[in-house]
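Remarks on the structure that follows.
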Amino acid sequence: MNNSDLAKILIRAVEEADSSDRLLDAVQDLAAAGMEEAVPTLIAALGYNNPGAAVAAVDGLIAIGEIAVPPLLKLIDDYNYGARAWALRALAGIGDVRALDTLLEAAKNDFSLSVRRAAARGLGTLRWHQVPPEKLESVQTQVLEALLLISQDPEWVVRYAAVTSLETLAVAVAVTSSDQASRITNQLQQMLDTDADLGVRTRVKFAQEKIQQQQHQEQQHQEVFAPKKKLQDTEVPEVTEVPYRGGGRR
């Protein structure tokens, strides 16, 4: 049996499932196969009223990777806000920068807190190596501005997600932009001092510790691999001439 035949069998099992348990099993099997042909069916499963199947579908789409990004982006406009939230979770797990505009818009403006939460989390998982070097700083600034706004969301779960993304962004910009890193540090401290939710403040404290650890490791790395200073000619110690005392032992 070739992959195409197997994909058809697994897809048919999802389409013909007549109970929640069978649907879950069928989606899990299809997701585990990791086939490109499975993408449309896995995306469809995000809209079913079956959270277990949706989780399995998200995992499968993340495993398939970048191929799943374009059809996932099309789903974001669907009226089903539950499916949008699952789709954003999949995009967050893939981390493809093509989803940046969608993540920014959803994180700042979507009416559903589950969508805003998923989008806020996704802003911290972007694969920065996909961004052209000349655009990297401006794109990271976009993300930072959005996260600073999202960290004031009325829902604590969205603010919590914003903290996790601020943490990963701080690590990403630690070497390239001290200004952005400083803004993140200040925002986290402000949240630690003022946020009303204990869970958010606890997550902020954890983020601060992780950032400090990363900074310490980076400092140690720089010290180990720093080029050694060359001795100048004037710093070379003079060699004192040893007086000649004749031949060897008599």
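Ordered as shown in the structure tokens, chains take letters A, B, and onward, while each chain numbers its residues from 1 and ligands are numbered from 1 in the order shown.
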Going by DSSP on the backbone, which bits of stretch 29-246 of chain A are helix (DSSP H, G or I)? Write them as a ChimeraX atom specification, please.
/A:29-33,36-45,51-75,81-94,97-109,113-122,128-130,133-150,156-173,178-194,198-225,233-235
Taking 5 positions as the minimum chain separation for residues in the same chain, which residues sit within 9 Å of A:Leu23 when counting only C-alpha atoms? Answer as a PyMOL selection string.
chain A and resi 13-18+28+50+53
Could you please take those selected residues and save C-alpha atoms as a PDB file, in the first residue's frame?
ATOM      1  CA  ALA A  13     -12.206   6.963   8.496  1.00  0.00           C
ATOM      2  CA  VAL A  14     -12.454  10.568   9.743  1.00  0.00           C
ATOM      3  CA  GLU A  15     -15.292  11.410   7.376  1.00  0.00           C
ATOM      4  CA  GLU A  16     -17.267   8.286   8.264  1.00  0.00           C
ATOM      5  CA  ALA A  17     -16.767   8.357  12.035  1.00  0.00           C
ATOM      6  CA  ASP A  18     -20.176   8.029  13.693  1.00  0.00           C
ATOM      7  CA  GLN A  28      -5.337  10.840  15.873  1.00  0.00           C
ATOM      8  CA  ASN A  50     -14.732  17.629  19.681  1.00  0.00           C
ATOM      9  CA  ALA A  53      -9.988  15.690  17.948  1.00  0.00           C
TER      10      ALA A  53
END
Shell of 12 Å around stretch 183-186 of chain A, only C-alpha atoms, local chain residues under 2 positions omitted, as JSON, numbers by chain
{"A": [140, 141, 143, 144, 145, 146, 147, 148, 149, 151, 162, 163, 164, 165, 166, 167, 168, 169, 170, 171, 172, 173, 174, 177, 178, 179, 180, 181, 188, 189, 190, 191, 192, 193, 204, 205, 207, 208, 209, 210, 211, 212, 215]}
Include N, CA and C atoms and write out the residues we just selected as a compact mmCIF listing (two decimals), in the first residue's frame.
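That gives us part-v1.txt:
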# COMPACT_ATOMS: atom_id res chain seq x y z
N GLN A 140 10.56 42.87 14.67
CA GLN A 140 10.58 42.63 16.11
C GLN A 140 9.98 43.81 16.87
N THR A 141 10.18 45.01 16.36
CA THR A 141 9.57 46.18 16.98
C THR A 141 8.05 46.10 16.87
N VAL A 143 6.24 43.42 16.74
CA VAL A 143 5.79 42.40 17.69
C VAL A 143 5.84 42.95 19.12
N LEU A 144 6.92 43.66 19.44
CA LEU A 144 7.04 44.23 20.78
C LEU A 144 5.91 45.20 21.08
N GLU A 145 5.62 46.10 20.14
CA GLU A 145 4.55 47.08 20.35
C GLU A 145 3.22 46.36 20.59
N ALA A 146 2.98 45.31 19.83
CA ALA A 146 1.73 44.55 20.01
C ALA A 146 1.68 43.89 21.38
N LEU A 147 2.78 43.29 21.80
CA LEU A 147 2.81 42.60 23.09
C LEU A 147 2.66 43.58 24.26
N LEU A 148 3.22 44.78 24.11
CA LEU A 148 3.05 45.78 25.17
C LEU A 148 1.58 46.16 25.31
N LEU A 149 0.88 46.21 24.18
CA LEU A 149 -0.55 46.49 24.21
C LEU A 149 -1.33 45.31 24.78
N SER A 151 -0.41 43.05 26.76
CA SER A 151 -0.15 42.81 28.19
C SER A 151 -1.08 43.63 29.09
N ALA A 162 0.83 36.90 26.85
CA ALA A 162 1.71 37.98 26.44
C ALA A 162 3.04 37.92 27.19
N VAL A 163 3.00 37.55 28.44
CA VAL A 163 4.24 37.44 29.24
C VAL A 163 5.15 36.36 28.67
N THR A 164 4.58 35.21 28.31
CA THR A 164 5.41 34.14 27.75
C THR A 164 6.09 34.60 26.46
N SER A 165 5.37 35.39 25.67
CA SER A 165 5.95 35.87 24.41
C SER A 165 6.97 36.98 24.65
N LEU A 166 6.73 37.82 25.63
CA LEU A 166 7.72 38.84 25.98
C LEU A 166 9.02 38.19 26.43
N GLU A 167 8.90 37.07 27.13
CA GLU A 167 10.10 36.35 27.57
C GLU A 167 10.92 35.86 26.38
N THR A 168 10.27 35.20 25.44
CA THR A 168 11.01 34.66 24.29
C THR A 168 11.53 35.78 23.39
N LEU A 169 10.78 36.87 23.28
CA LEU A 169 11.25 38.00 22.48
C LEU A 169 12.47 38.65 23.14
N ALA A 170 12.46 38.73 24.46
CA ALA A 170 13.61 39.30 25.17
C ALA A 170 14.88 38.52 24.88
N VAL A 171 14.77 37.22 24.82
CA VAL A 171 15.93 36.38 24.50
C VAL A 171 16.39 36.65 23.06
N ALA A 172 15.41 36.82 22.15
CA ALA A 172 15.74 37.02 20.74
C ALA A 172 16.44 38.35 20.49
N VAL A 173 16.05 39.39 21.24
CA VAL A 173 16.61 40.73 20.98
C VAL A 173 17.75 41.07 21.92
N ALA A 174 18.11 40.17 22.81
CA ALA A 174 19.12 40.48 23.82
C ALA A 174 20.42 40.97 23.20
N SER A 177 19.31 44.25 20.08
CA SER A 177 18.70 45.54 20.41
C SER A 177 18.57 45.71 21.92
N SER A 178 19.48 46.44 22.50
CA SER A 178 19.44 46.68 23.94
C SER A 178 18.24 47.55 24.31
N ASP A 179 17.80 48.42 23.38
CA ASP A 179 16.64 49.28 23.65
C ASP A 179 15.37 48.44 23.79
N GLN A 180 15.16 47.50 22.86
CA GLN A 180 13.98 46.64 22.95
C GLN A 180 14.04 45.76 24.19
N ALA A 181 15.21 45.23 24.49
CA ALA A 181 15.36 44.40 25.68
C ALA A 181 15.02 45.19 26.94
N LEU A 188 7.79 44.08 32.09
CA LEU A 188 7.61 42.95 33.00
C LEU A 188 7.63 43.41 34.46
N GLN A 189 8.51 44.34 34.78
CA GLN A 189 8.56 44.83 36.15
C GLN A 189 7.29 45.57 36.51
N GLN A 190 6.77 46.35 35.56
CA GLN A 190 5.52 47.06 35.81
C GLN A 190 4.38 46.07 36.05
N MET A 191 4.34 44.99 35.27
CA MET A 191 3.30 43.99 35.47
C MET A 191 3.45 43.28 36.80
N LEU A 192 4.69 43.04 37.18
CA LEU A 192 4.93 42.40 38.48
C LEU A 192 4.42 43.28 39.62
N ASP A 193 4.57 44.58 39.45
CA ASP A 193 4.18 45.51 40.50
C ASP A 193 2.68 45.80 40.54
N VAL A 204 5.30 36.33 35.40
CA VAL A 204 6.24 37.42 35.16
C VAL A 204 7.55 37.16 35.90
N LYS A 205 7.44 36.74 37.15
CA LYS A 205 8.64 36.47 37.95
C LYS A 205 9.47 35.36 37.31
N ALA A 207 9.50 34.61 34.13
CA ALA A 207 10.08 35.17 32.91
C ALA A 207 11.32 36.00 33.23
N GLN A 208 11.25 36.79 34.28
CA GLN A 208 12.41 37.61 34.67
C GLN A 208 13.61 36.74 35.01
N GLU A 209 13.36 35.64 35.72
CA GLU A 209 14.45 34.74 36.09
C GLU A 209 15.07 34.09 34.85
N LYS A 210 14.22 33.67 33.90
CA LYS A 210 14.74 33.04 32.69
C LYS A 210 15.55 34.03 31.85
N ILE A 211 15.09 35.28 31.78
CA ILE A 211 15.81 36.30 31.03
C ILE A 211 17.16 36.58 31.68
N GLN A 212 17.18 36.65 32.99
CA GLN A 212 18.44 36.89 33.70
C GLN A 212 19.42 35.74 33.48
N GLN A 215 20.82 36.09 30.01
CA GLN A 215 21.79 37.19 29.96
C GLN A 215 23.11 36.77 30.58
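Counting only C-alpha atoms and comparing A:Leu88, A:Val157, A:Ile64, A:Gly52, the residue that lies closest to A:Asp21 is A:Gly52.
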Please, what distance in Å, to one decimal, runs between atom CA of A:Asp29 and atom CA of A:Leu46?
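Between atom CA of A:Asp29 and atom CA of A:Leu46 the gap works out to 15.2 Å.
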Report as a ChimeraX atom specification all protein, DNA and RNA residues lying within 9 Å of A:Ala31, evaluated on only C-alpha atoms, omitting residues in the same chain fewer than 4 positions from it.
/A:26-27,35,38-39,42,56-61,63-64
Since we have the selection now, will you write its residues out, keeping N, CA and C atoms, as a PDB file, in the first residue's frame?
ATOM      1  N   ALA A  26      -9.869   8.371  14.798  1.00  0.00           N
ATOM      2  CA  ALA A  26      -9.566   8.531  13.372  1.00  0.00           C
ATOM      3  C   ALA A  26      -8.689   9.756  13.126  1.00  0.00           C
ATOM      4  N   VAL A  27      -8.974  10.860  13.824  1.00  0.00           N
ATOM      5  CA  VAL A  27      -8.161  12.076  13.659  1.00  0.00           C
ATOM      6  C   VAL A  27      -6.758  11.846  14.207  1.00  0.00           C
ATOM      7  N   MET A  35       1.018  13.185   6.785  1.00  0.00           N
ATOM      8  CA  MET A  35       0.987  13.294   5.322  1.00  0.00           C
ATOM      9  C   MET A  35       0.424  14.641   4.875  1.00  0.00           C
ATOM     10  N   ALA A  38      -3.267  15.036   4.277  1.00  0.00           N
ATOM     11  CA  ALA A  38      -4.158  15.085   5.433  1.00  0.00           C
ATOM     12  C   ALA A  38      -4.534  16.503   5.837  1.00  0.00           C
ATOM     13  N   VAL A  39      -3.845  17.500   5.310  1.00  0.00           N
ATOM     14  CA  VAL A  39      -4.029  18.878   5.784  1.00  0.00           C
ATOM     15  C   VAL A  39      -5.482  19.342   5.716  1.00  0.00           C
ATOM     16  N   LEU A  42      -7.570  17.565   8.425  1.00  0.00           N
ATOM     17  CA  LEU A  42      -7.182  17.984   9.773  1.00  0.00           C
ATOM     18  C   LEU A  42      -7.691  19.394  10.069  1.00  0.00           C
ATOM     19  N   ALA A  56      -5.669  16.819  18.590  1.00  0.00           N
ATOM     20  CA  ALA A  56      -4.929  15.890  17.735  1.00  0.00           C
ATOM     21  C   ALA A  56      -4.655  16.509  16.374  1.00  0.00           C
ATOM     22  N   ALA A  57      -5.647  17.216  15.833  1.00  0.00           N
ATOM     23  CA  ALA A  57      -5.474  17.861  14.532  1.00  0.00           C
ATOM     24  C   ALA A  57      -4.407  18.949  14.593  1.00  0.00           C
ATOM     25  N   VAL A  58      -4.406  19.739  15.658  1.00  0.00           N
ATOM     26  CA  VAL A  58      -3.377  20.778  15.836  1.00  0.00           C
ATOM     27  C   VAL A  58      -1.990  20.150  15.871  1.00  0.00           C
ATOM     28  N   ASP A  59      -1.852  19.091  16.636  1.00  0.00           N
ATOM     29  CA  ASP A  59      -0.550  18.408  16.719  1.00  0.00           C
ATOM     30  C   ASP A  59      -0.115  17.898  15.345  1.00  0.00           C
ATOM     31  N   GLY A  60      -1.063  17.350  14.602  1.00  0.00           N
ATOM     32  CA  GLY A  60      -0.732  16.835  13.275  1.00  0.00           C
ATOM     33  C   GLY A  60      -0.325  17.941  12.314  1.00  0.00           C
ATOM     34  N   LEU A  61      -1.023  19.062  12.360  1.00  0.00           N
ATOM     35  CA  LEU A  61      -0.700  20.180  11.484  1.00  0.00           C
ATOM     36  C   LEU A  61       0.668  20.774  11.823  1.00  0.00           C
ATOM     37  N   ALA A  63       3.140  19.132  13.106  1.00  0.00           N
ATOM     38  CA  ALA A  63       4.140  18.166  12.633  1.00  0.00           C
ATOM     39  C   ALA A  63       4.338  18.262  11.123  1.00  0.00           C
ATOM     40  N   ILE A  64       3.268  18.494  10.387  1.00  0.00           N
ATOM     41  CA  ILE A  64       3.374  18.636   8.933  1.00  0.00           C
ATOM     42  C   ILE A  64       4.124  19.918   8.582  1.00  0.00           C
TER      43      ILE A  64
END
To one decimal place in Å, what is the distance between atom CA of A:Ile11 and atom CA of A:Glu37?
8.8 Å
Spatial neighbours of stretch 131-134 of chain A, 12 Å, only C-alpha atoms, chain gap at least 6 places, as a ChimeraX atom specification
/A:95-98,100,140,176
Please produce a file of the residues just selected, as an mmCIF file, in the first residue's frame, where the atoms kept are C-alpha atoms.
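Saved as result.cif:
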data_model
loop_
_atom_site.group_PDB
_atom_site.id
_atom_site.type_symbol
_atom_site.label_atom_id
_atom_site.label_comp_id
_atom_site.auth_asym_id
_atom_site.auth_seq_id
_atom_site.Cartn_x
_atom_site.Cartn_y
_atom_site.Cartn_z
ATOM 1 C CA GLY A 95 6.024 29.528 13.919
ATOM 2 C CA ASP A 96 6.012 30.566 10.257
ATOM 3 C CA VAL A 97 6.419 34.342 9.842
ATOM 4 C CA ARG A 98 3.792 34.362 7.086
ATOM 5 C CA LEU A 100 2.638 37.474 11.503
ATOM 6 C CA GLN A 140 10.576 42.626 16.113
ATOM 7 C CA THR A 176 20.594 42.761 18.611
#
